[in-house]
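Enquirer: So here's model-v2.pdb, just PDB, C-alpha atoms:
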```pdb
ATOM      1  CA  MET Z  63       4.709  19.557 -19.752
ATOM      2  CA  THR Z  64       1.535  21.576 -19.679
ATOM      3  CA  ASP Z  65      -1.901  21.234 -18.138
ATOM      4  CA  ALA Z  66      -4.926  22.914 -19.594
ATOM      5  CA  GLY Z  67      -6.430  25.772 -17.642
ATOM      6  CA  PRO Z  68      -5.312  29.099 -16.219
ATOM      7  CA  LEU Z  69      -2.919  29.481 -13.305
ATOM      8  CA  ASP Z  70      -4.913  28.927 -10.115
ATOM      9  CA  ALA Z  71      -4.360  30.155  -6.569
ATOM     10  CA  ASP Z  72      -2.310  27.099  -5.579
ATOM     11  CA  GLU Z  73       0.216  27.626  -8.366
ATOM     12  CA  ALA Z  74       0.314  31.393  -7.871
ATOM     13  CA  THR Z  75       0.964  30.980  -4.138
ATOM     14  CA  PHE Z  76       3.671  28.425  -4.845
ATOM     15  CA  ILE Z  77       5.425  30.679  -7.346
ATOM     16  CA  ALA Z  78       5.327  33.551  -4.876
ATOM     17  CA  ALA Z  79       6.793  31.332  -2.144
ATOM     18  CA  ALA Z  80       9.482  30.024  -4.488
ATOM     19  CA  ARG Z  81      10.498  33.528  -5.572
ATOM     20  CA  SER Z  82      10.600  34.795  -2.008
ATOM     21  CA  GLY Z  83      12.794  31.939  -0.799
ATOM     22  CA  ASP Z  84      10.500  31.588   2.211
ATOM     23  CA  THR Z  85      10.883  27.938   3.276
ATOM     24  CA  ALA Z  86       7.957  28.064   5.710
ATOM     25  CA  ARG Z  87       5.625  29.449   3.066
ATOM     26  CA  PHE Z  88       6.899  26.890   0.546
ATOM     27  CA  ALA Z  89       6.302  24.044   3.002
ATOM     28  CA  LEU Z  90       2.766  25.238   3.710
ATOM     29  CA  VAL Z  91       1.854  25.123   0.014
ATOM     30  CA  THR Z  92       3.426  21.733  -0.705
ATOM     31  CA  GLU Z  93       2.404  20.008   2.535
ATOM     32  CA  ARG Z  94      -1.222  19.659   1.422
ATOM     33  CA  HIS Z  95      -0.013  17.202  -1.233
ATOM     34  CA  ARG Z  96       1.999  15.015   1.172
ATOM     35  CA  ARG Z  97      -0.481  12.213   1.733
ATOM     36  CA  GLU Z  98      -1.336  11.592  -1.909
ATOM     37  CA  LEU Z  99       2.343  11.758  -2.903
ATOM     38  CA  GLN Z 100       3.165   9.275  -0.150
ATOM     39  CA  VAL Z 101       0.511   6.875  -1.505
ATOM     40  CA  HIS Z 102       2.074   7.305  -4.949
ATOM     41  CA  CYS Z 103       5.517   6.445  -3.583
ATOM     42  CA  TYR Z 104       4.048   3.482  -1.721
ATOM     43  CA  ARG Z 105       2.580   2.074  -4.936
ATOM     44  CA  MET Z 106       6.003   2.363  -6.514
ATOM     45  CA  LEU Z 107       7.918   0.907  -3.544
ATOM     46  CA  ALA Z 108       5.449  -1.265  -1.513
ATOM     47  CA  ASN Z 109       7.104  -0.105   1.698
ATOM     48  CA  TYR Z 110       5.633   2.489   4.055
ATOM     49  CA  ASP Z 111       8.988   3.561   5.525
ATOM     50  CA  ASP Z 112      10.556   4.016   2.094
ATOM     51  CA  ALA Z 113       7.474   5.891   0.860
ATOM     52  CA  GLN Z 114       7.797   8.337   3.752
ATOM     53  CA  ASP Z 115      11.483   8.889   3.007
ATOM     54  CA  MET Z 116      10.932   9.361  -0.724
ATOM     55  CA  THR Z 117       8.086  11.797  -0.136
ATOM     56  CA  GLN Z 118      10.419  13.871   1.994
ATOM     57  CA  GLU Z 119      13.060  13.632  -0.735
ATOM     58  CA  THR Z 120      10.417  14.830  -3.214
ATOM     59  CA  PHE Z 121       9.855  18.001  -1.205
ATOM     60  CA  LEU Z 122      13.595  18.552  -0.888
ATOM     61  CA  ARG Z 123      14.048  18.249  -4.640
ATOM     62  CA  ALA Z 124      11.039  20.478  -5.228
ATOM     63  CA  TRP Z 125      12.653  23.171  -3.081
ATOM     64  CA  ASN Z 126      15.952  22.828  -4.920
ATOM     65  CA  LYS Z 127      14.165  22.957  -8.296
ATOM     66  CA  ARG Z 128      11.611  25.584  -7.283
ATOM     67  CA  GLU Z 129      12.784  28.130  -9.817
ATOM     68  CA  THR Z 130      12.071  25.689 -12.673
ATOM     69  CA  PHE Z 131       8.340  25.737 -11.904
ATOM     70  CA  LYS Z 132       6.778  28.310 -14.225
ATOM     71  CA  GLY Z 133       3.115  27.416 -13.803
ATOM     72  CA  HIS Z 134       2.847  25.729 -17.217
ATOM     73  CA  ALA Z 135       1.801  22.545 -15.389
ATOM     74  CA  ALA Z 136      -0.353  22.203 -12.323
ATOM     75  CA  LEU Z 137       1.648  22.148  -9.101
ATOM     76  CA  ARG Z 138       0.248  18.709  -8.327
ATOM     77  CA  THR Z 139       1.463  17.394 -11.703
ATOM     78  CA  TRP Z 140       4.906  18.887 -11.165
ATOM     79  CA  LEU Z 141       5.199  17.271  -7.725
ATOM     80  CA  TYR Z 142       4.073  13.881  -9.048
ATOM     81  CA  ARG Z 143       6.712  14.109 -11.747
ATOM     82  CA  ILE Z 144       9.410  14.738  -9.148
ATOM     83  CA  ALA Z 145       8.102  11.987  -6.846
ATOM     84  CA  THR Z 146       8.048   9.454  -9.675
ATOM     85  CA  ASN Z 147      11.632  10.165 -10.597
ATOM     86  CA  VAL Z 148      12.713  10.112  -6.949
ATOM     87  CA  CYS Z 149      11.243   6.609  -6.706
ATOM     88  CA  LEU Z 150      12.900   5.526  -9.945
ATOM     89  CA  ASP Z 151      16.270   6.716  -8.637
ATOM     90  CA  PHE Z 152      15.649   4.761  -5.430
ATOM     91  CA  LEU Z 153      14.670   1.623  -7.359
ATOM     92  CA  ASP Z 154      17.829   1.844  -9.449
ATOM     93  CA  LYS Z 155      19.745   1.208  -6.199
ATOM     94  CA  ARG Z 156      17.429  -1.480  -4.790
ATOM     95  CA  THR Z 157      18.203  -5.109  -5.588
ATOM     96  CA  PRO Z 158      15.575  -6.196  -8.126
ATOM     97  CA  LEU Z 159      13.293  -9.140  -7.436
ATOM     98  CA  PRO Z 160      14.465 -12.389  -9.018
ATOM     99  CA  SER Z 161      12.055 -13.643 -11.659
ATOM    100  CA  GLY Z 162       9.544 -16.317 -10.730
ATOM    101  CA  LEU Z 163       9.006 -15.271  -7.124
ATOM    102  CA  SER Z 164       5.553 -15.584  -5.619
ATOM    103  CA  ASP Z 165       3.800 -12.546  -4.253
ATOM    104  CA  SER Z 166       4.815 -12.990  -0.614
ATOM    105  CA  GLU Z 167       8.473 -13.037  -1.620
ATOM    106  CA  VAL Z 168       8.445  -9.273  -2.005
ATOM    107  CA  PRO Z 169      10.726  -8.912   1.013
ATOM    108  CA  TYR Z 170      10.076  -5.233   1.648
ATOM    109  CA  LEU Z 171       6.250  -5.318   1.543
ATOM    110  CA  GLN Z 172       4.574  -3.399   4.381
ATOM    111  CA  PRO Z 173       0.890  -2.645   5.040
ATOM    112  CA  TYR Z 174      -0.374   0.919   4.597
ATOM    113  CA  PRO Z 175      -2.501   2.381   7.432
ATOM    114  CA  ASP Z 176      -5.797   3.787   6.197
ATOM    115  CA  ARG Z 177      -5.558   6.700   8.620
ATOM    116  CA  MET Z 178      -2.658   8.023   6.515
ATOM    117  CA  LEU Z 179      -4.610   8.081   3.262
ATOM    118  CA  PRO Z 180      -5.652  11.501   1.909
ATOM    119  CA  GLU Z 181      -8.640  12.881   3.792
ATOM    120  CA  ASP Z 182     -10.340  14.301   0.701
ATOM    121  CA  PRO Z 183      -8.876  12.128  -2.049
ATOM    122  CA  GLN Z 184      -9.441  12.095  -5.740
ATOM    123  CA  GLU Z 185     -11.012   8.729  -6.508
ATOM    124  CA  SER Z 186      -8.070   7.539  -8.597
ATOM    125  CA  VAL Z 187      -5.531   8.287  -5.860
ATOM    126  CA  VAL Z 188      -6.833   5.789  -3.311
ATOM    127  CA  ALA Z 189      -9.334   3.636  -5.175
ATOM    128  CA  ARG Z 190      -9.469   0.454  -3.166
ATOM    129  CA  GLU Z 191      -8.612  -1.728  -6.143
ATOM    130  CA  THR Z 192      -5.256   0.058  -6.531
ATOM    131  CA  ILE Z 193      -4.192   0.187  -2.883
ATOM    132  CA  GLU Z 194      -5.019  -3.327  -1.698
ATOM    133  CA  LEU Z 195      -2.100  -5.707  -1.195
ATOM    134  CA  ALA Z 196      -2.659  -7.899  -4.259
ATOM    135  CA  PHE Z 197      -2.318  -4.901  -6.564
ATOM    136  CA  ILE Z 198       0.659  -3.409  -4.704
ATOM    137  CA  VAL Z 199       2.490  -6.742  -4.821
ATOM    138  CA  ALA Z 200       1.738  -7.304  -8.514
ATOM    139  CA  VAL Z 201       3.150  -3.862  -9.362
ATOM    140  CA  GLN Z 202       6.462  -4.809  -7.744
ATOM    141  CA  HIS Z 203       7.030  -7.474 -10.391
ATOM    142  CA  LEU Z 204       7.203  -4.804 -13.093
ATOM    143  CA  PRO Z 205      10.496  -3.224 -14.154
ATOM    144  CA  PRO Z 206      10.713   0.265 -12.599
ATOM    145  CA  ARG Z 207       9.774   2.303 -15.681
ATOM    146  CA  GLN Z 208       6.916  -0.006 -16.614
ATOM    147  CA  ARG Z 209       5.785   0.371 -13.012
ATOM    148  CA  ALA Z 210       5.845   4.150 -13.303
ATOM    149  CA  VAL Z 211       3.987   4.091 -16.621
ATOM    150  CA  LEU Z 212       1.256   1.816 -15.243
ATOM    151  CA  VAL Z 213       0.716   3.961 -12.148
ATOM    152  CA  LEU Z 214       0.693   7.246 -14.060
ATOM    153  CA  ARG Z 215      -1.518   5.998 -16.891
ATOM    154  CA  ASP Z 216      -3.879   3.448 -15.346
ATOM    155  CA  VAL Z 217      -4.070   4.648 -11.737
ATOM    156  CA  LEU Z 218      -3.762   8.424 -12.029
ATOM    157  CA  GLY Z 219      -5.306   8.524 -15.497
ATOM    158  CA  TRP Z 220      -2.606  10.645 -17.119
ATOM    159  CA  PRO Z 221      -2.649  10.806 -20.929
ATOM    160  CA  ALA Z 222       0.278   9.151 -22.707
ATOM    161  CA  SER Z 223       1.852  12.486 -23.664
ATOM    162  CA  LYS Z 224       1.873  13.713 -20.067
ATOM    163  CA  ALA Z 225       3.382  10.460 -18.767
ATOM    164  CA  ALA Z 226       5.979  10.514 -21.531
ATOM    165  CA  ASP Z 227       6.989  14.057 -20.618
ATOM    166  CA  ALA Z 228       7.285  13.179 -16.922
ATOM    167  CA  LEU Z 229       9.474  10.144 -17.643
ATOM    168  CA  GLU Z 230      11.385  11.696 -20.552
ATOM    169  CA  LEU Z 231      10.198   8.966 -22.906
ATOM    170  CA  THR Z 232       8.462   9.000 -26.254
ATOM    171  CA  VAL Z 233       4.711   8.471 -26.434
ATOM    172  CA  ALA Z 234       5.361   5.264 -28.382
ATOM    173  CA  SER Z 235       7.647   4.001 -25.598
ATOM    174  CA  VAL Z 236       5.023   4.775 -22.964
ATOM    175  CA  THR Z 237       2.317   2.994 -24.960
ATOM    176  CA  SER Z 238       4.506  -0.080 -25.417
ATOM    177  CA  ALA Z 239       5.532  -0.132 -21.748
ATOM    178  CA  LEU Z 240       1.901   0.105 -20.647
ATOM    179  CA  GLN Z 241       0.881  -2.824 -22.837
ATOM    180  CA  ARG Z 242       3.673  -4.995 -21.404
ATOM    181  CA  ALA Z 243       2.862  -3.900 -17.851
ATOM    182  CA  ARG Z 244      -0.813  -4.836 -18.221
ATOM    183  CA  VAL Z 245       0.131  -8.322 -19.400
ATOM    184  CA  THR Z 246       2.394  -8.851 -16.390
ATOM    185  CA  MET Z 247      -0.225  -7.522 -14.004
ATOM    186  CA  ARG Z 248      -2.762 -10.014 -15.275
ATOM    187  CA  GLU Z 249      -0.225 -12.812 -14.803
ATOM    188  CA  GLN Z 250       0.582 -11.742 -11.244
ATOM    189  CA  LEU Z 251      -2.854 -10.913  -9.870
ATOM    190  CA  PRO Z 252      -4.855 -13.812  -8.399
ATOM    191  CA  ALA Z 253      -7.727 -15.139 -10.475
ATOM    192  CA  GLY Z 254     -10.740 -12.862 -10.376
ATOM    193  CA  ARG Z 255      -8.647  -9.825  -9.383
ATOM    194  CA  LEU Z 256      -7.894  -8.505 -12.836
ATOM    195  CA  ASP Z 257      -9.841  -5.256 -12.982
ATOM    196  CA  TRP Z 258      -7.925  -2.510 -11.186
ATOM    197  CA  ARG Z 259      -9.694   0.241 -13.116
ATOM    198  CA  SER Z 260     -13.195  -0.441 -11.822
ATOM    199  CA  PRO Z 261     -15.026   2.283  -9.856
ATOM    200  CA  ALA Z 262     -13.465   3.008  -6.494
ATOM    201  CA  THR Z 263     -14.892   1.369  -3.400
ATOM    202  CA  HIS Z 264     -13.988   2.607   0.057
ATOM    203  CA  GLU Z 265     -16.298   0.989   2.576
ATOM    204  CA  LEU Z 266     -16.044  -2.541   3.921
ATOM    205  CA  SER Z 267     -18.951  -4.798   3.052
ATOM    206  CA  THR Z 268     -21.171  -6.537   5.587
ATOM    207  CA  ASP Z 269     -19.435  -9.827   4.717
ATOM    208  CA  GLU Z 270     -16.023  -8.284   5.374
ATOM    209  CA  ARG Z 271     -17.003  -6.797   8.708
ATOM    210  CA  GLY Z 272     -18.624 -10.044   9.794
ATOM    211  CA  ALA Z 273     -15.701 -12.224   8.729
ATOM    212  CA  VAL Z 274     -13.040 -10.203  10.540
ATOM    213  CA  LYS Z 275     -15.178 -10.146  13.696
ATOM    214  CA  SER Z 276     -15.626 -13.928  13.483
ATOM    215  CA  TYR Z 277     -11.887 -14.387  12.871
ATOM    216  CA  ILE Z 278     -11.067 -12.512  16.065
ATOM    217  CA  ASP Z 279     -13.796 -14.309  18.003
ATOM    218  CA  ALA Z 280     -12.459 -17.721  16.925
ATOM    219  CA  HIS Z 281      -9.017 -16.793  18.222
ATOM    220  CA  GLU Z 282     -10.333 -15.482  21.520
ATOM    221  CA  ARG Z 283     -12.278 -18.720  22.081
ATOM    222  CA  ASN Z 284      -9.539 -20.961  20.610
ATOM    223  CA  ASP Z 285     -12.260 -22.382  18.412
ATOM    224  CA  LEU Z 286     -10.375 -24.158  15.646
ATOM    225  CA  ASP Z 287     -13.513 -25.470  13.966
ATOM    226  CA  ALA Z 288     -14.935 -21.952  13.711
ATOM    227  CA  LEU Z 289     -11.608 -20.677  12.376
ATOM    228  CA  MET Z 290     -11.461 -23.473   9.808
ATOM    229  CA  SER Z 291     -14.996 -22.698   8.636
ATOM    230  CA  LEU Z 292     -13.961 -19.119   7.858
ATOM    231  CA  LEU Z 293     -11.172 -20.180   5.504
ATOM    232  CA  ARG Z 294     -11.684 -21.088   1.880
ATOM    233  CA  ASP Z 295     -10.294 -24.408   0.749
ATOM    234  CA  ASP Z 296      -8.067 -22.621  -1.753
ATOM    235  CA  LEU Z 297      -6.709 -20.202   0.846
ATOM    236  CA  ARG Z 298      -3.682 -18.120  -0.154
ATOM    237  CA  PHE Z 299      -1.651 -17.633   3.016
ATOM    238  CA  ALA Z 300       1.568 -15.716   3.657
ATOM    239  CA  MET Z 301       3.271 -14.666   6.879
ATOM    240  CA  LEU Z 302       5.840 -12.005   6.121
ATOM    241  CA  PRO Z 303       8.773 -11.793   6.190
ATOM    242  CA  ASP Z 304       8.812 -15.604   5.822
ATOM    243  CA  PRO Z 305       9.133 -16.514   2.128
ATOM    244  CA  GLY Z 306       6.492 -18.310   0.121
ATOM    245  CA  THR Z 307       2.766 -18.100  -0.426
ATOM    246  CA  LEU Z 308       0.902 -21.261   0.453
ATOM    247  CA  VAL Z 309      -2.213 -22.219  -1.433
ATOM    248  CA  THR Z 310      -3.694 -24.612   1.072
ATOM    249  CA  THR Z 311      -6.898 -26.159   2.344
ATOM    250  CA  ALA Z 312      -8.543 -24.717   5.425
ATOM    251  CA  GLU Z 313      -7.790 -27.874   7.429
ATOM    252  CA  ASP Z 314      -4.124 -27.941   6.426
ATOM    253  CA  ALA Z 315      -3.747 -24.250   7.217
ATOM    254  CA  VAL Z 316      -5.119 -24.640  10.737
ATOM    255  CA  ASP Z 317      -3.144 -27.849  11.313
ATOM    256  CA  GLY Z 318       0.005 -26.014  10.246
ATOM    257  CA  TRP Z 319      -0.637 -23.169  12.662
ATOM    258  CA  VAL Z 320      -1.258 -25.594  15.522
ATOM    259  CA  SER Z 321       1.863 -27.617  14.746
ATOM    260  CA  GLY Z 322       3.805 -24.346  14.769
ATOM    261  CA  GLY Z 323       2.677 -23.707  18.345
ATOM    262  CA  LEU Z 324      -0.364 -21.481  17.931
ATOM    263  CA  PHE Z 325      -3.365 -22.303  20.113
ATOM    264  CA  GLN Z 326      -1.049 -24.382  22.329
ATOM    265  CA  ARG Z 327      -0.182 -23.515  25.930
ATOM    266  CA  GLY Z 328       1.504 -20.107  25.978
ATOM    267  CA  HIS Z 329      -0.075 -19.173  22.647
ATOM    268  CA  ASP Z 330      -3.735 -19.613  23.509
ATOM    269  CA  ASP Z 331      -4.788 -16.429  25.317
ATOM    270  CA  TRP Z 332      -5.823 -14.012  22.564
ATOM    271  CA  ARG Z 333      -7.530 -10.695  22.175
ATOM    272  CA  GLY Z 334      -8.087  -8.885  18.931
ATOM    273  CA  VAL Z 335      -9.045  -5.526  17.506
ATOM    274  CA  THR Z 336     -10.458  -4.744  14.078
ATOM    275  CA  THR Z 337      -8.756  -2.234  11.822
ATOM    276  CA  THR Z 338      -8.220  -1.562   8.133
ATOM    277  CA  VAL Z 339      -5.014  -1.283   6.126
ATOM    278  CA  ASN Z 340      -4.757  -0.871   2.359
ATOM    279  CA  ARG Z 341      -8.544  -0.405   2.494
ATOM    280  CA  MET Z 342      -8.797  -4.068   3.495
ATOM    281  CA  PRO Z 343     -10.212  -5.598   6.681
ATOM    282  CA  ALA Z 344      -7.536  -6.567   9.165
ATOM    283  CA  ALA Z 345      -7.363  -8.164  12.593
ATOM    284  CA  VAL Z 346      -4.664  -7.150  15.051
ATOM    285  CA  LEU Z 347      -4.029 -10.117  17.348
ATOM    286  CA  TYR Z 348      -2.736  -9.586  20.871
ATOM    287  CA  LEU Z 349      -1.291 -12.464  22.915
ATOM    288  CA  ARG Z 350      -0.961 -12.779  26.685
ATOM    289  CA  THR Z 351       1.760 -15.181  27.717
ATOM    290  CA  PRO Z 352       1.892 -16.929  31.105
ATOM    291  CA  GLY Z 353       2.934 -14.572  33.888
ATOM    292  CA  ASP Z 354       2.244 -11.407  31.869
ATOM    293  CA  PRO Z 355      -0.769  -9.378  32.997
ATOM    294  CA  GLU Z 356      -1.040  -7.612  29.635
ATOM    295  CA  TYR Z 357      -1.965  -8.648  26.104
ATOM    296  CA  ARG Z 358       0.780  -7.555  23.720
ATOM    297  CA  PRO Z 359       0.720  -7.145  19.902
ATOM    298  CA  PHE Z 360       1.527 -10.381  18.106
ATOM    299  CA  ALA Z 361       0.610  -9.925  14.429
ATOM    300  CA  ILE Z 362      -1.741  -8.209  12.042
ATOM    301  CA  ALA Z 363      -3.711 -10.383   9.632
ATOM    302  CA  VAL Z 364      -4.852  -8.599   6.469
ATOM    303  CA  LEU Z 365      -7.822 -10.417   4.957
ATOM    304  CA  HIS Z 366      -9.363 -10.633   1.515
ATOM    305  CA  ILE Z 367     -12.943 -11.799   1.927
ATOM    306  CA  VAL Z 368     -14.983 -13.510  -0.802
ATOM    307  CA  ASP Z 369     -18.598 -14.485  -0.084
ATOM    308  CA  GLY Z 370     -18.058 -14.285   3.649
ATOM    309  CA  GLN Z 371     -14.935 -16.478   3.695
ATOM    310  CA  ILE Z 372     -11.245 -15.622   3.899
ATOM    311  CA  ALA Z 373      -9.712 -16.205   0.467
ATOM    312  CA  GLU Z 374      -6.346 -14.566   1.206
ATOM    313  CA  LEU Z 375      -4.602 -13.974   4.534
ATOM    314  CA  THR Z 376      -1.390 -11.970   4.687
ATOM    315  CA  GLY Z 377       0.168 -11.749   8.115
ATOM    316  CA  PHE Z 378       2.721  -9.170   9.242
ATOM    317  CA  ASP Z 379       4.801  -8.959  12.373
ATOM    318  CA  VAL Z 380       3.762  -5.688  14.020
ATOM    319  CA  ALA Z 381       7.148  -5.041  15.655
ATOM    320  CA  GLY Z 382       8.943  -2.007  14.283
ATOM    321  CA  LYS Z 383       5.834  -0.500  12.708
ATOM    322  CA  PRO Z 384       4.915   2.431  14.974
ATOM    323  CA  TRP Z 385       3.037   4.045  12.100
ATOM    324  CA  LEU Z 386       0.305   1.427  12.507
ATOM    325  CA  ASP Z 387      -0.534   3.354  15.694
ATOM    326  CA  LEU Z 388      -1.598   0.250  17.618
ATOM    327  CA  PRO Z 389      -2.302   0.217  21.350
ATOM    328  CA  PRO Z 390       0.864  -1.153  23.009
ATOM    329  CA  THR Z 391      -1.169  -3.400  25.290
ATOM    330  CA  LEU Z 392      -4.733  -4.509  25.870
TER
END
```
Let me see whether you can do it: turn the structure in this file into structure tokens.
Expert:
Amino acid sequence: MTDAGPLDADEATFIAAARSGDTARFALVTERHRRELQVHCYRMLANYDDAQDMTQETFLRAWNKRETFKGHAALRTWLYRIATNVCLDFLDKRTPLPSGLSDSEVPYLQPYPDRMLPEDPQESVVARETIELAFIVAVQHLPPRQRAVLVLRDVLGWPASKAADALELTVASVTSALQRARVTMREQLPAGRLDWRSPATHELSTDERGAVKSYIDAHERNDLDALMSLLRDDLRFAMLPDPGTLVTTAEDAVDGWVSGGLFQRGHDDWRGVTTTVNRMPAAVLYLRTPGDPEYRPFAIAVLHIVDGQIAELTGFDVAGKPWLDLPPTL
């Protein structure tokens, strides 16, 4: 596997560190790639905890294989190759998803905090269209090697020959796998969400900022009419880890939440904070129960906004997710 261009300072420093056996020097060179490799692992695995673990495993394997790096490929390419195969080895041990499951029945799906994205990213690494939940979930319905081919070719923009070399496949096999993966992606992505190779967008729109603010405000005022007006009548709603995505009307969604106890006594004293995960607007809801002086984290609602209304709402329990870095109380 080769990349065009002369050996640059990054590769030269890495080779020197590898030859010296200096672990601290080696770690310093590779650490700058951690965040983008972790995003890569997250796309493959849809789980923040697993992505962290597999990124660490990538660096361990890189250290053990350090003498095989000759500078014929860019260091970044070499590390991505290792990370991809680390994830494939992990997926070989994970129970595959049964066919026919809806998107919310990806049992290991976790949100990705924007603060952990690369600070100076290449556009393809964290383009919003390829980090938002709908894309991440759709990728999980691909067989592992199709998944790897799609991410390497369509997200990172690798040529077929480079992807084939990384995966030890033929170019023809990579081309065929990519064609099949694209078909599945179009079947899995919601209508109107089919272009994951459009120019990257990073900033929230005015509609998105306004909708998440109104969503929090409706909770804080227990204003069910205002909440209902924010929801599209073809709302896609999921509350993980509960199975099943509901496509429901706004009225039925709110009625279901009320019948489940929300906005009733004991679940009617809310505060909220705005954040972003997966480059999507999100509302972290805090609840104060009777007798408790503090508001405590209840859930995070990740929102997909279309024309000022919430078209998709994916809720996550915030317990056990310290990496979201949420205030423990309000």
Enquirer: Could you tell me which residues the PyMOL selection byres ((chain Z and resi 359-365) around 9) returns for this structure, as a VMD selection string?
Expert: chain Z and resid 173 195 270 273 to 274 301 338 to 340 342 to 350 357 to 358 366 to 367 372 to 381 388 to 392
Enquirer: Find the residues around Leu308 of chain Z up to 9 Å (all atoms listed in the file counted), leave out those fewer than 2 positions away in its own chain, and share them as a ChimeraX atom specification.
Expert: /Z:297-300,306,310,315
Enquirer: Which residues, named as in the file, does the PyMOL selection byres ((chain Z and resi 225-241) around 8) pick out? Answer as a short mmCIF file (atom, residue, chain, number, x, y, z; two decimals) with C-alpha atoms, keeping the file's coordinate frame.
Expert:
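Saved file out-v3.cif follows:
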```cif
data_model
loop_
_atom_site.label_atom_id
_atom_site.label_comp_id
_atom_site.auth_asym_id
_atom_site.auth_seq_id
_atom_site.Cartn_x
_atom_site.Cartn_y
_atom_site.Cartn_z
CA MET Z 63 4.71 19.56 -19.75
CA ARG Z 143 6.71 14.11 -11.75
CA ASN Z 147 11.63 10.16 -10.60
CA ARG Z 207 9.77 2.30 -15.68
CA GLN Z 208 6.92 -0.01 -16.61
CA VAL Z 211 3.99 4.09 -16.62
CA LEU Z 212 1.26 1.82 -15.24
CA LEU Z 214 0.69 7.25 -14.06
CA ARG Z 215 -1.52 6.00 -16.89
CA TRP Z 220 -2.61 10.64 -17.12
CA PRO Z 221 -2.65 10.81 -20.93
CA ALA Z 222 0.28 9.15 -22.71
CA SER Z 223 1.85 12.49 -23.66
CA LYS Z 224 1.87 13.71 -20.07
CA ARG Z 242 3.67 -5.00 -21.40
CA ALA Z 243 2.86 -3.90 -17.85
CA ARG Z 244 -0.81 -4.84 -18.22
CA VAL Z 245 0.13 -8.32 -19.40
#
```
Enquirer: Using all atoms listed in the file, pick whichever of Z:His281, Z:His203, Z:Arg156, Z:Arg87 has the shortest atom-to-atom distance to Asp112 of chain Z.
Expert: Z:Arg156
Enquirer: Which residues are close to segment 321-331 of chain Z, i.e. within 7 Å by only C-alpha atoms, leaving aside same-chain residues fewer than 3 positions away? Reply as a list in words.
Expert: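 Within the cut-off, the hits are Glu282, Asn284, Asp317, Gly318, Leu349, Arg350, Thr351 and Pro352 of chain Z.
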Enquirer: Can you work out which one of Z:Val91, Z:Leu293, Z:Leu137, Z:Leu266 has the shortest atom-to-atom distance to Val309 of chain Z, counting only C-alpha atoms?
Expert: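 Closest to Val309 of chain Z, using only C-alpha atoms: Z:Leu293.
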Enquirer: Please, what distance in Å, to one decimal, runs between atom CA of Asp295 of chain Z and atom CA of Ala312 of chain Z?
Expert: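 Interatomic distance, atom CA of Asp295 of chain Z to atom CA of Ala312 of chain Z: 5.0 Å.
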Enquirer: Let me make sure I understand: among Z:Val168, Z:Arg128, Z:Pro180, Z:Val213, which one has the smallest atom-to-atom distance to Pro303 of chain Z if we use only C-alpha atoms?
Expert: Z:Val168
Enquirer: Which value, in Å to one decimal, gives the distance between atom CA of Arg209 of chain Z and atom CA of Leu171 of chain Z?
Expert: 15.6 Å
Enquirer: Decode the PyMOL selection byres ((chain Z and resi 116) around 9) for the given file into explicit residues and return them as a PyMOL selection string.
Expert: chain Z and resi 100+103+111-115+117-121+145+148-149+152
Enquirer: So which residues touch Lys132 of chain Z within 9 Å, counting only C-alpha atoms, skipping near sequence neighbours fewer than 3 positions away, as JSON, numbers by chain?
Expert: {"Z": [73, 77, 128, 129, 135]}
Enquirer: Between Z:Pro169, Z:Gly382, Z:Gly370, Z:Pro175, which one has atoms that come closest to Ser276 of chain Z, using only C-alpha atoms?
Expert: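 The shortest atom-to-atom distance to Ser276 of chain Z comes from Z:Gly370.
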Enquirer: So which one's closest to Pro206 of chain Z, Z:Glu249, Z:Asp154, Z:Asp176, Z:Asp269? Using all atoms listed in the file, please.
Expert: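 Of Z:Glu249, Z:Asp154, Z:Asp176, Z:Asp269, the one nearest Pro206 of chain Z, counting all atoms listed in the file, is Z:Asp154.
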Enquirer: In Å, with one decimal, what is the gap from atom CA of Trp125 of chain Z to atom CA of Ala78 of chain Z?
Expert: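 According to the coordinates, atom CA of Trp125 of chain Z and atom CA of Ala78 of chain Z are separated by 12.8 Å.
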Enquirer: Pick the closest to Pro252 of chain Z from Z:Ala200, Z:Glu265, Z:Leu292, Z:Tyr277: which is it, counting only C-alpha atoms?
Expert: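 When distances to Pro252 of chain Z are compared using only C-alpha atoms, the smallest one comes from Z:Ala200.
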